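Content type PDB, C-alpha atoms, from the file input17.pdb:
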ATOM      1  CA  MET Z   1      51.079 121.410 257.830
ATOM      2  CA  SER Z   2      49.976 120.410 254.294
ATOM      3  CA  MET Z   3      52.369 120.543 251.357
ATOM      4  CA  ASN Z   4      50.416 123.411 249.735
ATOM      5  CA  LYS Z   5      50.573 125.565 252.873
ATOM      6  CA  LEU Z   6      54.262 124.800 253.297
ATOM      7  CA  TYR Z   7      54.932 125.791 249.677
ATOM      8  CA  ILE Z   8      52.984 129.046 250.074
ATOM      9  CA  GLN Z   9      54.838 129.849 253.293
ATOM     10  CA  ARG Z  10      58.212 129.256 251.659
ATOM     11  CA  MET Z  11      57.216 131.312 248.627
ATOM     12  CA  LYS Z  12      56.157 134.268 250.792
ATOM     13  CA  GLY Z  13      59.526 134.142 252.527
ATOM     14  CA  SER Z  14      61.528 134.084 249.301
ATOM     15  CA  PRO Z  15      63.469 137.100 247.961
ATOM     16  CA  PHE Z  16      61.755 136.784 244.560
ATOM     17  CA  PHE Z  17      58.221 136.998 245.991
ATOM     18  CA  ASN Z  18      59.051 139.989 248.185
ATOM     19  CA  ILE Z  19      60.845 141.952 245.448
ATOM     20  CA  MET Z  20      57.987 141.325 242.997
ATOM     21  CA  MET Z  21      55.470 142.523 245.579
ATOM     22  CA  PHE Z  22      57.638 145.570 246.305
ATOM     23  CA  SER Z  23      57.889 146.384 242.597
ATOM     24  CA  ALA Z  24      54.152 145.901 242.044
ATOM     25  CA  PHE Z  25      53.160 148.125 244.973
ATOM     26  CA  TRP Z  26      55.778 150.738 244.017
ATOM     27  CA  ALA Z  27      54.460 150.770 240.435
ATOM     28  CA  THR Z  28      50.872 151.141 241.661
ATOM     29  CA  GLN Z  29      51.965 153.942 243.996
ATOM     30  CA  ILE Z  30      53.578 155.783 241.062
ATOM     31  CA  PHE Z  31      50.390 155.276 239.043
ATOM     32  CA  VAL Z  32      48.137 156.581 241.841
ATOM     33  CA  THR Z  33      50.423 159.594 242.293
ATOM     34  CA  LYS Z  34      50.081 160.353 238.578
ATOM     35  CA  LEU Z  35      46.283 160.254 238.944
ATOM     36  CA  ALA Z  36      46.475 162.527 242.006
ATOM     37  CA  LEU Z  37      48.579 165.108 240.162
ATOM     38  CA  ASN Z  38      46.099 165.018 237.293
ATOM     39  CA  ALA Z  39      43.331 165.664 239.845
ATOM     40  CA  GLY Z  40      45.052 168.841 241.095
ATOM     41  CA  ALA Z  41      47.378 167.636 243.860
ATOM     42  CA  GLN Z  42      50.471 169.731 244.633
ATOM     43  CA  VAL Z  43      53.705 167.799 245.047
ATOM     44  CA  LEU Z  44      54.740 169.010 248.519
ATOM     45  CA  SER Z  45      51.347 168.807 250.177
ATOM     46  CA  TYR Z  46      50.619 165.455 248.549
ATOM     47  CA  GLN Z  47      53.902 163.998 249.786
ATOM     48  CA  LEU Z  48      53.450 165.374 253.303
ATOM     49  CA  LEU Z  49      49.866 164.184 253.690
ATOM     50  CA  SER Z  50      50.712 160.785 252.174
ATOM     51  CA  LEU Z  51      53.467 160.308 254.768
ATOM     52  CA  LEU Z  52      51.046 161.254 257.540
ATOM     53  CA  ALA Z  53      48.468 158.817 256.164
ATOM     54  CA  ALA Z  54      51.088 156.051 256.050
ATOM     55  CA  LEU Z  55      52.121 156.876 259.622
ATOM     56  CA  VAL Z  56      48.513 156.534 260.832
ATOM     57  CA  ILE Z  57      48.014 153.259 258.959
ATOM     58  CA  LEU Z  58      51.281 151.797 260.247
ATOM     59  CA  SER Z  59      50.410 152.912 263.790
ATOM     60  CA  VAL Z  60      47.108 151.029 263.615
ATOM     61  CA  LEU Z  61      48.594 147.924 262.009
ATOM     62  CA  LEU Z  62      51.933 147.615 263.775
ATOM     63  CA  LEU Z  63      51.981 149.398 267.138
ATOM     64  CA  PRO Z  64      49.500 147.032 268.859
ATOM     65  CA  ARG Z  65      51.728 144.070 267.932
ATOM     66  CA  PHE Z  66      55.206 145.587 267.777
ATOM     67  CA  GLY Z  67      54.996 148.693 269.961
ATOM     68  CA  ARG Z  68      56.956 146.950 272.712
ATOM     69  CA  GLU Z  69      59.795 146.073 270.300
ATOM     70  CA  PHE Z  70      59.845 149.675 269.037
ATOM     71  CA  ARG Z  71      60.118 151.068 272.571
ATOM     72  CA  SER Z  72      62.708 148.423 273.474
ATOM     73  CA  LEU Z  73      64.842 149.381 270.471
ATOM     74  CA  PHE Z  74      64.631 153.044 271.460
ATOM     75  CA  LYS Z  75      65.468 152.452 275.143
ATOM     76  CA  ASP Z  76      67.800 149.457 275.086
ATOM     77  CA  LYS Z  77      69.625 150.033 271.785
ATOM     78  CA  PRO Z  78      69.519 153.799 271.160
ATOM     79  CA  ASP Z  79      72.620 153.640 268.988
ATOM     80  CA  LEU Z  80      71.003 151.137 266.618
ATOM     81  CA  PHE Z  81      67.675 153.031 266.756
ATOM     82  CA  TRP Z  82      69.236 156.283 265.560
ATOM     83  CA  LYS Z  83      71.383 154.530 262.961
ATOM     84  CA  LEU Z  84      68.243 153.030 261.451
ATOM     85  CA  PHE Z  85      66.417 156.354 261.815
ATOM     86  CA  PHE Z  86      69.238 158.098 259.958
ATOM     87  CA  ALA Z  87      69.250 155.462 257.181
ATOM     88  CA  ASN Z  88      65.462 155.614 256.820
ATOM     89  CA  GLY Z  89      65.586 159.425 256.790
ATOM     90  CA  ILE Z  90      68.170 159.431 254.025
ATOM     91  CA  GLN Z  91      66.153 156.964 251.954
ATOM     92  CA  SER Z  92      62.538 158.086 252.398
ATOM     93  CA  GLY Z  93      63.164 161.710 253.402
ATOM     94  CA  LEU Z  94      66.195 163.329 251.807
ATOM     95  CA  GLY Z  95      66.045 161.134 248.704
ATOM     96  CA  THR Z  96      62.387 162.029 248.150
ATOM     97  CA  CYS Z  97      63.061 165.740 248.677
ATOM     98  CA  LEU Z  98      65.932 165.788 246.164
ATOM     99  CA  SER Z  99      63.842 163.886 243.627
ATOM    100  CA  ILE Z 100      60.970 166.388 244.023
ATOM    101  CA  ILE Z 101      63.360 169.288 243.379
ATOM    102  CA  GLY Z 102      64.919 167.473 240.439
ATOM    103  CA  ILE Z 103      61.616 166.573 238.802
ATOM    104  CA  SER Z 104      60.540 170.218 239.007
ATOM    105  CA  LEU Z 105      63.737 171.326 237.217
ATOM    106  CA  THR Z 106      64.068 168.724 234.453
ATOM    107  CA  SER Z 107      61.958 166.954 231.871
ATOM    108  CA  ALA Z 108      59.787 163.949 232.665
ATOM    109  CA  ILE Z 109      61.831 161.861 230.200
ATOM    110  CA  ASN Z 110      65.101 162.695 231.942
ATOM    111  CA  ALA Z 111      63.603 162.002 235.375
ATOM    112  CA  GLY Z 112      62.028 158.730 234.255
ATOM    113  CA  PHE Z 113      65.369 157.303 233.193
ATOM    114  CA  LEU Z 114      67.728 158.918 235.712
ATOM    115  CA  VAL Z 115      65.922 157.469 238.753
ATOM    116  CA  LYS Z 116      66.895 154.033 237.413
ATOM    117  CA  LEU Z 117      70.550 154.922 237.993
ATOM    118  CA  SER Z 118      69.902 154.081 241.641
ATOM    119  CA  THR Z 119      70.597 150.507 240.519
ATOM    120  CA  VAL Z 120      74.214 151.456 239.745
ATOM    121  CA  THR Z 121      74.711 153.475 242.943
ATOM    122  CA  THR Z 122      73.164 150.727 245.084
ATOM    123  CA  ILE Z 123      75.472 148.077 243.668
ATOM    124  CA  LEU Z 124      78.484 150.349 244.225
ATOM    125  CA  PHE Z 125      77.493 151.056 247.856
ATOM    126  CA  ALA Z 126      76.757 147.353 248.408
ATOM    127  CA  TRP Z 127      80.252 146.564 247.124
ATOM    128  CA  LEU Z 128      81.939 149.219 249.274
ATOM    129  CA  ILE Z 129      79.897 148.894 252.495
ATOM    130  CA  LEU Z 130      78.508 145.358 252.477
ATOM    131  CA  LYS Z 131      81.390 143.760 250.561
ATOM    132  CA  GLU Z 132      78.944 142.189 248.108
ATOM    133  CA  GLN Z 133      80.649 140.685 245.071
ATOM    134  CA  LEU Z 134      80.990 142.813 241.941
ATOM    135  CA  THR Z 135      80.828 139.988 239.405
ATOM    136  CA  VAL Z 136      80.913 140.134 235.615
ATOM    137  CA  ILE Z 137      77.337 138.798 235.340
ATOM    138  CA  LYS Z 138      76.133 141.472 237.738
ATOM    139  CA  ILE Z 139      77.777 144.256 235.720
ATOM    140  CA  LEU Z 140      76.397 142.862 232.451
ATOM    141  CA  MET Z 141      72.868 142.561 233.832
ATOM    142  CA  VAL Z 142      72.970 146.120 235.216
ATOM    143  CA  PHE Z 143      74.028 147.446 231.817
ATOM    144  CA  SER Z 144      71.340 145.363 230.109
ATOM    145  CA  MET Z 145      68.593 146.525 232.502
ATOM    146  CA  LEU Z 146      69.607 150.175 232.199
ATOM    147  CA  SER Z 147      69.535 149.847 228.417
ATOM    148  CA  GLY Z 148      66.037 148.390 228.607
ATOM    149  CA  ALA Z 149      64.912 151.125 231.018
ATOM    150  CA  TYR Z 150      66.332 153.761 228.665
ATOM    151  CA  LEU Z 151      64.351 152.402 225.707
ATOM    152  CA  LEU Z 152      61.186 151.956 227.785
ATOM    153  CA  THR Z 153      61.141 155.403 229.400
ATOM    154  CA  THR Z 154      62.649 157.589 226.646
ATOM    155  CA  LYS Z 155      61.549 155.763 223.455
ATOM    156  CA  GLY Z 156      65.160 156.058 222.378
ATOM    157  CA  GLN Z 157      65.236 159.861 222.551
ATOM    158  CA  ILE Z 158      68.475 161.682 223.368
ATOM    159  CA  LEU Z 159      68.644 163.063 226.919
ATOM    160  CA  LEU Z 160      69.488 166.768 227.132
ATOM    161  CA  PRO Z 161      71.198 167.528 230.492
ATOM    162  CA  ARG Z 162      69.436 169.970 232.839
ATOM    163  CA  ILE Z 163      70.236 171.281 236.323
ATOM    164  CA  GLY Z 164      67.485 169.116 237.829
ATOM    165  CA  ASP Z 165      69.333 166.011 236.663
ATOM    166  CA  LEU Z 166      71.980 166.631 239.341
ATOM    167  CA  PHE Z 167      69.308 166.652 242.065
ATOM    168  CA  ILE Z 168      67.890 163.370 240.762
ATOM    169  CA  LEU Z 169      71.351 161.820 240.788
ATOM    170  CA  GLY Z 170      71.654 163.037 244.382
ATOM    171  CA  ALA Z 171      68.327 161.335 245.131
ATOM    172  CA  CYS Z 172      69.676 158.077 243.665
ATOM    173  CA  VAL Z 173      72.680 158.289 245.976
ATOM    174  CA  CYS Z 174      70.411 158.860 248.997
ATOM    175  CA  TRP Z 175      68.034 156.015 248.113
ATOM    176  CA  SER Z 176      70.959 153.642 247.577
ATOM    177  CA  LEU Z 177      72.923 154.650 250.664
ATOM    178  CA  GLY Z 178      69.819 154.434 252.871
ATOM    179  CA  ASN Z 179      68.867 150.976 251.598
ATOM    180  CA  VAL Z 180      72.410 149.619 251.880
ATOM    181  CA  LEU Z 181      72.773 150.922 255.446
ATOM    182  CA  ILE Z 182      69.422 149.354 256.413
ATOM    183  CA  ARG Z 183      70.613 146.057 254.930
ATOM    184  CA  LYS Z 184      73.846 146.367 256.923
ATOM    185  CA  TYR Z 185      72.080 147.006 260.247
ATOM    186  CA  LEU Z 186      69.499 144.255 259.669
ATOM    187  CA  LYS Z 187      72.349 141.787 259.043
ATOM    188  CA  SER Z 188      74.380 142.832 262.078
ATOM    189  CA  GLN Z 189      71.684 142.752 264.780
ATOM    190  CA  PRO Z 190      68.255 141.091 265.014
ATOM    191  CA  VAL Z 191      65.573 143.741 264.548
ATOM    192  CA  LYS Z 192      61.937 143.179 263.659
ATOM    193  CA  VAL Z 193      61.388 144.297 260.066
ATOM    194  CA  GLU Z 194      58.047 145.791 261.121
ATOM    195  CA  VAL Z 195      59.854 148.132 263.530
ATOM    196  CA  VAL Z 196      62.077 149.404 260.701
ATOM    197  CA  THR Z 197      59.031 149.854 258.454
ATOM    198  CA  PHE Z 198      57.180 151.911 261.074
ATOM    199  CA  GLN Z 199      60.249 154.042 261.615
ATOM    200  CA  LYS Z 200      60.489 154.913 257.912
ATOM    201  CA  SER Z 201      57.390 157.136 257.963
ATOM    202  CA  LEU Z 202      58.648 158.940 261.072
ATOM    203  CA  ALA Z 203      62.148 159.446 259.653
ATOM    204  CA  GLY Z 204      60.880 160.873 256.373
ATOM    205  CA  LEU Z 205      58.676 163.568 257.921
ATOM    206  CA  PRO Z 206      61.447 165.956 259.130
ATOM    207  CA  PHE Z 207      62.925 166.177 255.647
ATOM    208  CA  VAL Z 208      59.595 166.859 253.934
ATOM    209  CA  LEU Z 209      58.691 169.439 256.597
ATOM    210  CA  ALA Z 210      62.075 171.080 256.029
ATOM    211  CA  LEU Z 211      61.305 171.275 252.313
ATOM    212  CA  VAL Z 212      57.923 172.870 253.040
ATOM    213  CA  GLY Z 213      59.668 175.351 255.341
ATOM    214  CA  LEU Z 214      62.183 176.151 252.597
ATOM    215  CA  ALA Z 215      59.337 176.787 250.174
ATOM    216  CA  LEU Z 216      57.712 179.187 252.667
ATOM    217  CA  TRP Z 217      61.031 180.930 253.330
ATOM    218  CA  ILE Z 218      61.858 181.349 249.631
ATOM    219  CA  PRO Z 219      58.518 182.027 247.870
ATOM    220  CA  GLY Z 220      58.382 180.796 244.302
ATOM    221  CA  ILE Z 221      61.004 178.063 244.615
ATOM    222  CA  PHE Z 222      58.356 175.312 244.430
ATOM    223  CA  GLY Z 223      55.405 177.280 243.098
ATOM    224  CA  SER Z 224      53.170 179.970 244.506
ATOM    225  CA  LEU Z 225      52.561 180.453 248.226
ATOM    226  CA  ASP Z 226      48.995 179.187 247.796
ATOM    227  CA  GLN Z 227      50.337 175.972 246.250
ATOM    228  CA  VAL Z 228      52.773 175.425 249.120
ATOM    229  CA  LEU Z 229      50.084 176.056 251.723
ATOM    230  CA  SER Z 230      47.663 173.725 249.934
ATOM    231  CA  CYS Z 231      48.600 171.093 252.547
ATOM    232  CA  CYS Z 232      46.084 172.938 254.711
ATOM    233  CA  LYS Z 233      43.326 172.899 252.064
ATOM    234  CA  PRO Z 234      43.961 170.312 249.322
ATOM    235  CA  PRO Z 235      41.211 169.749 246.711
ATOM    236  CA  SER Z 236      38.610 167.281 247.945
ATOM    237  CA  ALA Z 237      39.165 165.134 244.858
ATOM    238  CA  VAL Z 238      42.728 164.483 246.004
ATOM    239  CA  PHE Z 239      41.868 162.944 249.411
ATOM    240  CA  PRO Z 240      41.090 159.419 248.079
ATOM    241  CA  TYR Z 241      44.464 159.397 246.338
ATOM    242  CA  ILE Z 242      46.219 160.549 249.519
ATOM    243  CA  ILE Z 243      44.670 157.688 251.482
ATOM    244  CA  GLY Z 244      45.429 155.240 248.678
ATOM    245  CA  ASN Z 245      49.009 156.451 248.437
ATOM    246  CA  GLY Z 246      49.415 156.063 252.193
ATOM    247  CA  VAL Z 247      48.255 152.444 251.962
ATOM    248  CA  LEU Z 248      50.541 151.749 249.021
ATOM    249  CA  LEU Z 249      53.528 153.345 250.766
ATOM    250  CA  THR Z 250      52.860 151.055 253.740
ATOM    251  CA  PHE Z 251      53.030 147.905 251.612
ATOM    252  CA  THR Z 252      55.905 149.214 249.471
ATOM    253  CA  TRP Z 253      58.052 149.849 252.549
ATOM    254  CA  THR Z 254      57.040 146.509 254.091
ATOM    255  CA  TYR Z 255      58.143 144.430 251.120
ATOM    256  CA  LEU Z 256      61.237 146.585 250.548
ATOM    257  CA  ASN Z 257      62.445 145.945 254.091
ATOM    258  CA  ASN Z 258      61.485 142.263 253.853
ATOM    259  CA  THR Z 259      63.652 141.985 250.747
ATOM    260  CA  LEU Z 260      66.588 143.798 252.350
ATOM    261  CA  ASN Z 261      66.292 141.480 255.349
ATOM    262  CA  ILE Z 262      66.559 138.227 253.380
ATOM    263  CA  SER Z 263      68.539 139.037 250.227
ATOM    264  CA  SER Z 264      71.447 141.110 248.970
ATOM    265  CA  ALA Z 265      71.037 144.812 248.239
ATOM    266  CA  SER Z 266      72.268 144.187 244.688
ATOM    267  CA  TYR Z 267      69.521 141.649 244.051
ATOM    268  CA  MET Z 268      66.893 144.038 245.444
ATOM    269  CA  THR Z 269      67.828 146.953 243.215
ATOM    270  CA  MET Z 270      68.371 144.860 240.071
ATOM    271  CA  MET Z 271      65.112 142.925 240.273
ATOM    272  CA  SER Z 272      63.132 146.088 241.103
ATOM    273  CA  MET Z 273      63.956 147.301 237.585
ATOM    274  CA  VAL Z 274      60.729 145.545 236.532
ATOM    275  CA  THR Z 275      58.857 148.457 238.158
ATOM    276  CA  PRO Z 276      58.685 150.548 234.944
ATOM    277  CA  VAL Z 277      57.267 147.499 233.173
ATOM    278  CA  PHE Z 278      54.460 147.303 235.764
ATOM    279  CA  VAL Z 279      53.865 151.061 235.450
ATOM    280  CA  SER Z 280      53.609 150.760 231.670
ATOM    281  CA  LEU Z 281      51.083 147.926 231.963
ATOM    282  CA  LEU Z 282      48.922 149.976 234.360
ATOM    283  CA  ALA Z 283      49.069 152.981 232.029
ATOM    284  CA  MET Z 284      48.049 150.841 229.065
ATOM    285  CA  ILE Z 285      45.162 149.171 230.898
ATOM    286  CA  PHE Z 286      43.677 152.154 232.765
ATOM    287  CA  LEU Z 287      44.894 155.250 230.893
ATOM    288  CA  GLY Z 288      44.720 153.939 227.358
ATOM    289  CA  GLU Z 289      48.396 154.643 226.708
ATOM    290  CA  ARG Z 290      50.206 152.629 224.058
ATOM    291  CA  MET Z 291      53.781 151.388 223.731
ATOM    292  CA  VAL Z 292      55.779 151.735 220.528
ATOM    293  CA  TRP Z 293      57.967 148.895 219.307
ATOM    294  CA  ILE Z 294      61.170 150.284 220.830
ATOM    295  CA  GLN Z 295      59.500 150.414 224.267
ATOM    296  CA  ILE Z 296      58.364 146.804 223.894
ATOM    297  CA  ILE Z 297      61.975 145.835 223.137
ATOM    298  CA  GLY Z 298      63.105 147.732 226.254
ATOM    299  CA  ALA Z 299      60.528 145.950 228.427
ATOM    300  CA  GLY Z 300      61.606 142.607 226.975
ATOM    301  CA  VAL Z 301      65.261 143.319 227.733
ATOM    302  CA  ILE Z 302      64.396 144.146 231.364
ATOM    303  CA  ILE Z 303      62.318 140.984 231.803
ATOM    304  CA  LEU Z 304      64.970 138.760 230.184
ATOM    305  CA  SER Z 305      67.694 140.318 232.346
ATOM    306  CA  GLY Z 306      65.503 139.732 235.409
ATOM    307  CA  VAL Z 307      65.131 136.051 234.531
ATOM    308  CA  ILE Z 308      68.914 135.694 234.166
ATOM    309  CA  THR Z 309      69.441 137.554 237.462
ATOM    310  CA  TYR Z 310      66.942 135.268 239.228
ATOM    311  CA  PHE Z 311      68.799 132.120 238.174
ATOM    312  CA  SER Z 312      72.303 133.586 238.672
ATOM    313  CA  GLY Z 313      72.365 133.348 242.486
ATOM    314  CA  ILE Z 314      72.827 137.108 242.963
ATOM    315  CA  SER Z 315      70.213 137.123 245.760
ATOM    316  CA  THR Z 316      72.790 135.630 248.126
ATOM    317  CA  ASP Z 317      75.955 137.316 246.800
TER     318      ASP Z 317
END
Could you spell out this file's structure in structure tokens?
Amino acid sequence: MSMNKLYIQRMKGSPFFNIMMFSAFWATQIFVTKLALNAGAQVLSYQLLSLLAALVILSVLLLPRFGREFRSLFKDKPDLFWKLFFANGIQSGLGTCLSIIGISLTSAINAGFLVKLSTVTTILFAWLILKEQLTVIKILMVFSMLSGAYLLTTKGQILLPRIGDLFILGACVCWSLGNVLIRKYLKSQPVKVEVVTFQKSLAGLPFVLALVGLALWIPGIFGSLDQVLSCCKPPSAVFPYIIGNGVLLTFTWTYLNNTLNISSASYMTMMSMVTPVFVSLLAMIFLGERMVWIQIIGAGVIILSGVITYFSGISTD
């Protein structure tokens, strides 16, 4: 094997490469979702159909190669299978549902910053469950990144608490707990990362379907009945975004699980704070949005904190 190929192979297997790919795909997925909502997509139907699209894509890509491992995990290690299913459901299902409710009940500014608090909850769960070190440099970098995220997403505006903020905080807890549990199970027993990735789309569906059922049972809670039932007849302009979001979810989950498999949960959540920077760049390039000086400072703080985190050895703590 040539030196160039060996270098590329090592780079692809590094925590830094995988977390940057995860952040880039997650940012693009957020951007595509914004375009879909502008095109007339409804939140519940868009989320449900995107999960179904991701399930189809993952079935085509992974089942021919890893279907045997998936069946083996289900038959030979049912306890581990359902533990992973539960963790994936908490992360991609319940966390998503709570965030949808929260976003509908609070301002976009509040939501944009509060979702970043998952960094704090992840580090706390990693400390309690995985016994990852809670070092001074880690605490300082978390505070620095949150400060940068606050400036970038709010432009320095004061956050006024709303009831939806509590749901978003609940979503942060679910995302963090799910990711930390997945990290724990991947460390304890050898499981193909692709099997965990395929399971994520399956585990998220029951929670989204439950949310749709709740919306049908209590009309008006998430919009009109026609909006809830739009999963049966979404606008034709939304379909390309649904397919695109399904593809992006596939790659986002893949690189997320790759990162959790080879690095600490703390490193994953801290380095993924560059996601709002990627989102801002996409908005500037394709939507013509502009950043004010205080947002540029916030982005710079996040990037500088990421550089310090990269060289601090947190990926193996």
Work out where the centre of an axis-aligned box around every listed atom of range 88-95 of chain Z lies and how long its edges are once 5 Å is added on each side; give both in Å to one decimal as AutoDock Vina command-line options.
--center_x 65.4 --center_y 159.5 --center_z 252.8 --size_x 15.6 --size_y 17.7 --size_z 18.1
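We find CA of Leu169 in chain Z and CA of Leu304 in chain Z to be spaced 26.2 Å apart.
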Z:Tyr150, Z:Phe198, Z:Phe25, Z:Phe125 ranked by distance to Gly178 in chain Z, top pick (using all atoms listed in the file): Z:Phe125
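Shortest separation to Leu105 in chain Z among Z:Ile168, Z:Ala203, Z:Val212, Z:Val195 occurs at residue Z:Ile168, atoms counted being all atoms listed in the file.
Taking CA of Phe16 in chain Z and CA of Val136 in chain Z as endpoints, the distance between them is 21.4 Å.
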Excluding Tyr185 in chain Z and its own-chain neighbours fewer than 2 positions away, which residues fall within 12 Å of it when counting only C-alpha atoms? Please give them as a PDB file with C-alpha atoms, in the coordinates of the input.
ATOM      1  CA  ASP Z  79      72.620 153.640 268.988  1.00  0.00           C
ATOM      2  CA  LEU Z  80      71.003 151.137 266.618  1.00  0.00           C
ATOM      3  CA  PHE Z  81      67.675 153.031 266.756  1.00  0.00           C
ATOM      4  CA  TRP Z  82      69.236 156.283 265.560  1.00  0.00           C
ATOM      5  CA  LYS Z  83      71.383 154.530 262.961  1.00  0.00           C
ATOM      6  CA  LEU Z  84      68.243 153.030 261.451  1.00  0.00           C
ATOM      7  CA  PHE Z  85      66.417 156.354 261.815  1.00  0.00           C
ATOM      8  CA  PHE Z  86      69.238 158.098 259.958  1.00  0.00           C
ATOM      9  CA  ALA Z  87      69.250 155.462 257.181  1.00  0.00           C
ATOM     10  CA  ASN Z  88      65.462 155.614 256.820  1.00  0.00           C
ATOM     11  CA  ILE Z 129      79.897 148.894 252.495  1.00  0.00           C
ATOM     12  CA  LEU Z 130      78.508 145.358 252.477  1.00  0.00           C
ATOM     13  CA  GLY Z 178      69.819 154.434 252.871  1.00  0.00           C
ATOM     14  CA  ASN Z 179      68.867 150.976 251.598  1.00  0.00           C
ATOM     15  CA  VAL Z 180      72.410 149.619 251.880  1.00  0.00           C
ATOM     16  CA  LEU Z 181      72.773 150.922 255.446  1.00  0.00           C
ATOM     17  CA  ILE Z 182      69.422 149.354 256.413  1.00  0.00           C
ATOM     18  CA  ARG Z 183      70.613 146.057 254.930  1.00  0.00           C
ATOM     19  CA  LYS Z 187      72.349 141.787 259.043  1.00  0.00           C
ATOM     20  CA  SER Z 188      74.380 142.832 262.078  1.00  0.00           C
ATOM     21  CA  GLN Z 189      71.684 142.752 264.780  1.00  0.00           C
ATOM     22  CA  PRO Z 190      68.255 141.091 265.014  1.00  0.00           C
ATOM     23  CA  VAL Z 191      65.573 143.741 264.548  1.00  0.00           C
ATOM     24  CA  LYS Z 192      61.937 143.179 263.659  1.00  0.00           C
ATOM     25  CA  VAL Z 193      61.388 144.297 260.066  1.00  0.00           C
ATOM     26  CA  VAL Z 196      62.077 149.404 260.701  1.00  0.00           C
ATOM     27  CA  ASN Z 257      62.445 145.945 254.091  1.00  0.00           C
ATOM     28  CA  LEU Z 260      66.588 143.798 252.350  1.00  0.00           C
ATOM     29  CA  ASN Z 261      66.292 141.480 255.349  1.00  0.00           C
TER      30      ASN Z 261
END
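Straight-line separation from CA of Tyr267 in chain Z to CA of Ile123 in chain Z: 8.8 Å.
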Give as a tab-separated table (two decimals) with C-alpha atoms, in the frame of the given file the residues that the PyMOL selection byres ((chain Z and resi 293-302) around 6) matches when applied to the coordinates above.
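This went into result.tsv:
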chain	number	residue	atom	x	y	z
Z	145	MET	CA	68.59	146.52	232.50
Z	148	GLY	CA	66.04	148.39	228.61
Z	151	LEU	CA	64.35	152.40	225.71
Z	152	LEU	CA	61.19	151.96	227.78
Z	155	LYS	CA	61.55	155.76	223.46
Z	277	VAL	CA	57.27	147.50	233.17
Z	291	MET	CA	53.78	151.39	223.73
Z	292	VAL	CA	55.78	151.74	220.53
Z	303	ILE	CA	62.32	140.98	231.80
Z	304	LEU	CA	64.97	138.76	230.18
Z	305	SER	CA	67.69	140.32	232.35
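Each of Z:Lys116, Z:Lys75, Z:Lys12, Z:Lys34 was checked against Thr275 in chain Z using only C-alpha atoms; the smallest atom-to-atom distance is that of Z:Lys116.
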Pull out every residue that the PyMOL selection byres ((chain Z and resi 309) around 12) matches in the shown coordinates and put them as a CSV table (one decimal) with C-alpha atoms, in the frame of the given file.
chain,number,residue,atom,x,y,z
Z,16,PHE,CA,61.8,136.8,244.6
Z,135,THR,CA,80.8,140.0,239.4
Z,136,VAL,CA,80.9,140.1,235.6
Z,137,ILE,CA,77.3,138.8,235.3
Z,138,LYS,CA,76.1,141.5,237.7
Z,139,ILE,CA,77.8,144.3,235.7
Z,140,LEU,CA,76.4,142.9,232.5
Z,141,MET,CA,72.9,142.6,233.8
Z,142,VAL,CA,73.0,146.1,235.2
Z,144,SER,CA,71.3,145.4,230.1
Z,145,MET,CA,68.6,146.5,232.5
Z,266,SER,CA,72.3,144.2,244.7
Z,267,TYR,CA,69.5,141.6,244.1
Z,268,MET,CA,66.9,144.0,245.4
Z,269,THR,CA,67.8,147.0,243.2
Z,270,MET,CA,68.4,144.9,240.1
Z,271,MET,CA,65.1,142.9,240.3
Z,272,SER,CA,63.1,146.1,241.1
Z,273,MET,CA,64.0,147.3,237.6
Z,274,VAL,CA,60.7,145.5,236.5
Z,302,ILE,CA,64.4,144.1,231.4
Z,303,ILE,CA,62.3,141.0,231.8
Z,304,LEU,CA,65.0,138.8,230.2
Z,305,SER,CA,67.7,140.3,232.3
Z,306,GLY,CA,65.5,139.7,235.4
Z,307,VAL,CA,65.1,136.1,234.5
Z,308,ILE,CA,68.9,135.7,234.2
Z,310,TYR,CA,66.9,135.3,239.2
Z,311,PHE,CA,68.8,132.1,238.2
Z,312,SER,CA,72.3,133.6,238.7
Z,313,GLY,CA,72.4,133.3,242.5
Z,314,ILE,CA,72.8,137.1,243.0
Z,315,SER,CA,70.2,137.1,245.8
Z,316,THR,CA,72.8,135.6,248.1
Z,317,ASP,CA,76.0,137.3,246.8
query: If the PyMOL selection byres ((chain Z and resi 243) around 10) is run on the structure shown, which residues does it catch, given as a PyMOL selection string?
result: chain Z and resi 49-54+57+238-242+244-249
field: Among listed residues Z:Gly170, Z:Gly156, Z:Gly89, Z:Gly13, nearest Gly204 in chain Z (using all atoms listed in the file)
entry: Z:Gly89
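Residue nearest Leu209 in chain Z within the list Z:Val32, Z:Leu48, Z:Ile285, Z:Ile103: Z:Leu48 [criterion: smallest interatomic distance, all atoms listed in the file].
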Nearest to Val115 in chain Z, chosen from Z:Ser176, Z:Ser92, Z:Gln133, Z:Ser264, with only C-alpha atoms counted in the distances: Z:Ser176
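With distances taken from (54.0, 147.6, 251.0) and restricted to all atoms listed in the file, the residues inside 10 Å are Asn18, Met21, Phe22, Ser23, Ala24, Phe25, Trp26, Gln29, Thr197, Gly246, Val247, Leu248, Leu249, Thr250, Phe251, Thr252, Trp253, Thr254, Tyr255, Leu256, Asn257 and Asn258 of chain Z.
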